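S.K.: Got a structure for you, questions after.
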Amino acid sequence: MNEAKLREEICILGKSMFDRGLTPGSSGNISARVDDGWLMTPTNSCLGRLDPATISKVDAKGNPVSGGKPTKEAFLHLSVYEQRPSAGAVVHLHSTHSVAVSCLADTDPKQPIPPITAYYVMKIGNLVLLPYYPPGDMTLANAVREVAGKHHAILLANHGPVVAGKDLEAAVYATEELEETAKLYLLLRGNKLKILSPEQVAELHRKYPS
Ligand SMILES: [Zn+2]
């Protein structure tokens, strides 16, 4: 996909997520890889009102090249790309149900949401919960860098999800799958859960490697 088309896609998918209440106000940010760097949503921008012409562009080293000032979470996105050469896009939202799960005490950081549906296993699979770090802080970017090689979906405690995909559409769909699964998980809390067995999970990973 060329850069002009990708700029449009960021605006279309950003608006789609905002319109469905997936990230309020000026929260959330999107980035996508281009030949000579990355496109990123500008800082303090609302995902519902992005303009293809003012999307920030940063070079291969992360320095701003054109457009608005990049999101203050730029380093978080760049940490993911550094560890995942195959990632074409990264989506970070403050989506209500995922954030709610990130605030629960006594959550297993290695499995903040159990494998309750096949699509969750196929699109997210191996979610990890990171401890709380202040937004925009390098300690957060460093913590993300440590786990991003093994996890394409990361949940930041008391903050929200960060999800990488091979392209923008894949990253958006996976983030939405995570949000829907977080909603289901919260709906089910307090009930005895029937989750997918390790064998069923392994079979899905075999058939649909992420
Ligand atoms: Zn955030």
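Naming works like this for the structure tokens: A, B, ... for the chains as they're shown, residue 1 at the start of each chain, ligands 1 onward in shown order.
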Can you tell me which residues sit at most 7 Å away from ligand 1, counting only C-alpha atoms and all ligand atoms, written as a ChimeraX atom specification?

M.R.: /A:27-28,92-94,135,159-160

S.K.: Given the selection you just returned, output its residues as a file containing N, CA, C and O atoms, formatted as an mmCIF file, in the first residue's frame.

M.R.:
```
data_model
loop_
_atom_site.group_PDB
_atom_site.id
_atom_site.type_symbol
_atom_site.label_atom_id
_atom_site.label_comp_id
_atom_site.auth_asym_id
_atom_site.auth_seq_id
_atom_site.Cartn_x
_atom_site.Cartn_y
_atom_site.Cartn_z
ATOM 1 N N SER A 27 -7.481 10.149 23.253
ATOM 2 C CA SER A 27 -6.682 8.985 23.658
ATOM 3 C C SER A 27 -6.432 8.069 22.465
ATOM 4 O O SER A 27 -7.114 8.141 21.450
ATOM 5 N N GLY A 28 -5.478 7.201 22.611
ATOM 6 C CA GLY A 28 -5.187 6.189 21.601
ATOM 7 C C GLY A 28 -4.293 6.743 20.507
ATOM 8 O O GLY A 28 -4.285 7.953 20.250
ATOM 9 N N HIS A 92 -2.666 1.437 19.630
ATOM 10 C CA HIS A 92 -2.757 1.556 21.095
ATOM 11 C C HIS A 92 -4.036 2.317 21.419
ATOM 12 O O HIS A 92 -4.259 3.406 20.912
ATOM 13 N N LEU A 93 -4.912 1.702 22.232
ATOM 14 C CA LEU A 93 -6.188 2.340 22.581
ATOM 15 C C LEU A 93 -6.346 2.429 24.090
ATOM 16 O O LEU A 93 -5.641 1.758 24.847
ATOM 17 N N HIS A 94 -7.312 3.246 24.503
ATOM 18 C CA HIS A 94 -7.769 3.243 25.895
ATOM 19 C C HIS A 94 -9.179 2.648 25.884
ATOM 20 O O HIS A 94 -10.138 3.283 26.313
ATOM 21 N N PRO A 135 2.515 7.133 31.284
ATOM 22 C CA PRO A 135 2.444 7.257 29.826
ATOM 23 C C PRO A 135 3.534 8.183 29.301
ATOM 24 O O PRO A 135 3.862 9.186 29.929
ATOM 25 N N HIS A 159 -3.820 1.276 32.024
ATOM 26 C CA HIS A 159 -3.612 2.133 30.847
ATOM 27 C C HIS A 159 -4.349 1.596 29.616
ATOM 28 O O HIS A 159 -5.356 2.160 29.235
ATOM 29 N N GLY A 160 -3.890 0.493 29.030
ATOM 30 C CA GLY A 160 -4.579 -0.025 27.850
ATOM 31 C C GLY A 160 -3.723 -0.939 27.004
ATOM 32 O O GLY A 160 -2.557 -1.190 27.320
#
```

S.K.: Pick out the residues sitting within 9 Å of Leu50 in chain A, and hand them over as a list of chain:residue names; count only C-alpha atoms, and ignore anything fewer than 2 positions along from it in its own chain.

M.R.: A:Ile10, A:Cys11, A:Ile12, A:Gly14, A:Lys15, A:Thr41, A:Pro42, A:Ser45, A:Cys46, A:Leu47, A:Gly48, A:Pro52, A:Ala53, A:Thr54, A:Ile55

S.K.: Only N, CA and C atoms, please: the residues just picked out, written as an mmCIF file, in the first residue's frame.

M.R.:
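Okay, result_39.cif is ready:
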```cif
data_model
loop_
_atom_site.group_PDB
_atom_site.id
_atom_site.type_symbol
_atom_site.label_atom_id
_atom_site.label_comp_id
_atom_site.auth_asym_id
_atom_site.auth_seq_id
_atom_site.Cartn_x
_atom_site.Cartn_y
_atom_site.Cartn_z
ATOM 1 N N ILE A 10 -5.398 5.110 7.878
ATOM 2 C CA ILE A 10 -5.247 5.446 9.299
ATOM 3 C C ILE A 10 -6.452 6.291 9.735
ATOM 4 N N CYS A 11 -6.845 7.259 8.886
ATOM 5 C CA CYS A 11 -7.974 8.141 9.227
ATOM 6 C C CYS A 11 -9.292 7.372 9.241
ATOM 7 N N ILE A 12 -9.490 6.511 8.249
ATOM 8 C CA ILE A 12 -10.750 5.754 8.155
ATOM 9 C C ILE A 12 -10.890 4.794 9.344
ATOM 10 N N GLY A 14 -9.195 4.872 12.190
ATOM 11 C CA GLY A 14 -9.219 5.646 13.433
ATOM 12 C C GLY A 14 -10.636 6.135 13.731
ATOM 13 N N LYS A 15 -11.287 6.674 12.706
ATOM 14 C CA LYS A 15 -12.656 7.181 12.891
ATOM 15 C C LYS A 15 -13.616 6.037 13.225
ATOM 16 N N THR A 41 -0.102 8.925 14.437
ATOM 17 C CA THR A 41 -1.110 9.948 14.707
ATOM 18 C C THR A 41 -0.468 11.041 15.563
ATOM 19 N N PRO A 42 -0.843 12.311 15.306
ATOM 20 C CA PRO A 42 -0.215 13.421 16.052
ATOM 21 C C PRO A 42 -0.637 13.421 17.518
ATOM 22 N N SER A 45 -4.338 14.217 19.272
ATOM 23 C CA SER A 45 -5.347 14.209 18.211
ATOM 24 C C SER A 45 -6.441 13.216 18.569
ATOM 25 N N CYS A 46 -7.648 13.512 18.083
ATOM 26 C CA CYS A 46 -8.780 12.608 18.295
ATOM 27 C C CYS A 46 -8.806 11.642 17.121
ATOM 28 N N LEU A 47 -8.884 10.339 17.411
ATOM 29 C CA LEU A 47 -8.856 9.358 16.320
ATOM 30 C C LEU A 47 -10.069 9.501 15.404
ATOM 31 N N GLY A 48 -11.109 10.190 15.871
ATOM 32 C CA GLY A 48 -12.314 10.388 15.055
ATOM 33 C C GLY A 48 -12.181 11.529 14.067
ATOM 34 N N PRO A 52 -5.482 13.160 6.750
ATOM 35 C CA PRO A 52 -4.331 12.485 6.125
ATOM 36 C C PRO A 52 -3.132 13.411 5.973
ATOM 37 N N ALA A 53 -3.382 14.714 5.748
ATOM 38 C CA ALA A 53 -2.285 15.658 5.482
ATOM 39 C C ALA A 53 -1.484 15.994 6.733
ATOM 40 N N THR A 54 -2.088 15.854 7.916
ATOM 41 C CA THR A 54 -1.359 16.265 9.133
ATOM 42 C C THR A 54 -0.876 15.077 9.974
ATOM 43 N N ILE A 55 -1.046 13.853 9.448
ATOM 44 C CA ILE A 55 -0.470 12.678 10.130
ATOM 45 C C ILE A 55 1.047 12.909 10.240
#
```

S.K.: Closest to Leu76 in chain A among A:Gly88, A:Pro109, A:Gly21, A:Gly62, using only C-alpha atoms?

M.R.: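 Ranked by minimum distance to Leu76 in chain A, first place goes to A:Gly62.
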
S.K.: Determine, for each residue of range 14-85 of chain A having at least one atom at most 12 Å from an atom of range 170-182 of chain A, the closest pair of atoms and their separation in Å to one decimal, counting only C-alpha atoms; order by chain and ascending number, as CSV.

M.R.:
```
residue,atom,partner,partner_atom,distance
A:Gly14,CA,A:Val172,CA,8.9
A:Lys15,CA,A:Val172,CA,11.7
A:Ser16,CA,A:Val172,CA,10.1
A:Met17,CA,A:Val172,CA,8.5
A:Phe18,CA,A:Glu176,CA,11.8
A:Arg20,CA,A:Glu176,CA,10.5
A:Gly21,CA,A:Glu179,CA,11.2
A:Leu22,CA,A:Glu176,CA,8.2
A:Thr23,CA,A:Glu179,CA,10.7
A:Gly28,CA,A:Thr175,CA,11.6
A:Asn29,CA,A:Val172,CA,11.2
A:Ile30,CA,A:Val172,CA,9.1
A:Ser31,CA,A:Ala171,CA,9.9
A:Ala32,CA,A:Ala171,CA,9.7
```

S.K.: What would the file look like if the residues just selected were written as a tab-separated table (two decimals), in the first residue's frame with N, CA and C atoms?

M.R.:
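Once written, part_5.tsv looks like this:
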```tsv
chain	number	residue	atom	x	y	z
A	14	GLY	N	-9.19	4.87	12.19
A	14	GLY	CA	-9.22	5.65	13.43
A	14	GLY	C	-10.64	6.13	13.73
A	15	LYS	N	-11.29	6.67	12.71
A	15	LYS	CA	-12.66	7.18	12.89
A	15	LYS	C	-13.62	6.04	13.23
A	16	SER	N	-13.43	4.92	12.54
A	16	SER	CA	-14.29	3.77	12.81
A	16	SER	C	-14.18	3.34	14.28
A	17	MET	N	-12.96	3.30	14.81
A	17	MET	CA	-12.78	2.88	16.21
A	17	MET	C	-13.34	3.94	17.16
A	18	PHE	N	-13.09	5.22	16.84
A	18	PHE	CA	-13.59	6.29	17.70
A	18	PHE	C	-15.12	6.29	17.71
A	20	ARG	N	-17.15	3.99	17.37
A	20	ARG	CA	-17.72	2.86	18.14
A	20	ARG	C	-17.30	2.90	19.60
A	21	GLY	N	-16.76	4.04	20.02
A	21	GLY	CA	-16.45	4.21	21.45
A	21	GLY	C	-15.25	3.41	21.92
A	22	LEU	N	-14.35	3.06	20.98
A	22	LEU	CA	-13.22	2.23	21.38
A	22	LEU	C	-12.07	3.01	21.99
A	23	THR	N	-12.09	4.33	21.85
A	23	THR	CA	-11.05	5.13	22.51
A	23	THR	C	-11.54	6.58	22.61
A	28	GLY	N	-5.48	7.20	22.61
A	28	GLY	CA	-5.19	6.19	21.60
A	28	GLY	C	-4.29	6.74	20.51
A	29	ASN	N	-3.52	5.87	19.90
A	29	ASN	CA	-2.69	6.28	18.78
A	29	ASN	C	-2.41	5.11	17.86
A	30	ILE	N	-2.12	5.45	16.61
A	30	ILE	CA	-1.93	4.45	15.56
A	30	ILE	C	-0.61	4.78	14.85
A	31	SER	N	0.15	3.74	14.49
A	31	SER	CA	1.32	3.96	13.66
A	31	SER	C	1.37	2.91	12.57
A	32	ALA	N	2.04	3.22	11.48
A	32	ALA	CA	2.19	2.26	10.38
A	32	ALA	C	3.52	2.49	9.68
```

S.K.: For Tyr208 in chain A, which residue among A:Leu186, A:Ile124, A:Val80, A:Ala148 is the nearest when counting only C-alpha atoms?

M.R.: A:Ile124

S.K.: Quick one: residues within 10 Å of range 194-205 of chain A, only C-alpha atoms counted, chain neighbours fewer than 2 positions away excluded, as a PDB file with C-alpha atoms, in the first residue's frame?

M.R.:
```pdb
ATOM      1  CA  PRO A 114      -7.745 -16.967  29.723  1.00  0.00           C
ATOM      2  CA  PRO A 115      -8.371 -18.626  26.337  1.00  0.00           C
ATOM      3  CA  ILE A 116     -12.162 -18.337  26.354  1.00  0.00           C
ATOM      4  CA  THR A 117     -12.791 -18.215  22.603  1.00  0.00           C
ATOM      5  CA  ALA A 118     -11.071 -19.589  19.499  1.00  0.00           C
ATOM      6  CA  TYR A 119     -10.814 -16.171  17.820  1.00  0.00           C
ATOM      7  CA  VAL A 121      -6.507 -17.455  20.664  1.00  0.00           C
ATOM      8  CA  MET A 122      -6.120 -16.980  16.894  1.00  0.00           C
ATOM      9  CA  LYS A 123      -5.824 -13.186  16.830  1.00  0.00           C
ATOM     10  CA  GLY A 125      -2.972 -15.755  21.567  1.00  0.00           C
ATOM     11  CA  ASN A 191     -18.921 -17.647  37.034  1.00  0.00           C
ATOM     12  CA  LYS A 192     -17.132 -20.940  36.732  1.00  0.00           C
ATOM     13  CA  LYS A 207      -3.470 -24.143  12.226  1.00  0.00           C
ATOM     14  CA  TYR A 208      -3.362 -20.336  12.465  1.00  0.00           C
ATOM     15  CA  PRO A 209       0.135 -19.188  13.450  1.00  0.00           C
ATOM     16  CA  SER A 210       0.056 -15.491  14.389  1.00  0.00           C
TER      17      SER A 210
END
```

S.K.: Just how far from CA of Asp167 in chain A is CA of Met1 in chain A, in Å to one decimal?

M.R.: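 Straight-line distance from CA of Met1 in chain A to CA of Asp167 in chain A works out to 9.6 Å.
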
S.K.: Once DSSP has gone over the backbone, tell me which residues of chain A are in helix (DSSP H, G or I), as a PyMOL selection string.

M.R.: chain A and resi 3-19+47-49+52-54+74-83+96-102+118-123+138-148+168-188+198-207

S.K.: Quick check, in Å to one decimal: how far apart do CA of Lys72 in chain A and CA of Ser102 in chain A lie?

M.R.: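 The value is 20.7 Å.
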
S.K.: Mind checking which residues fall within 10 Å of Leu39 in chain A, counting only C-alpha atoms, ignoring those fewer than 2 positions away in the same chain, and posting them as a PyMOL selection string?

M.R.: chain A and resi 3+6-7+10+30-34+36-37+41-42+55-59+64-67+70+89

S.K.: Mind checking which residues fall within 10 Å of Lys183 in chain A, counting only C-alpha atoms, ignoring those fewer than 4 positions away in the same chain, and posting them as a ChimeraX atom specification?

M.R.: /A:96-98,100-101,177-179,187-188
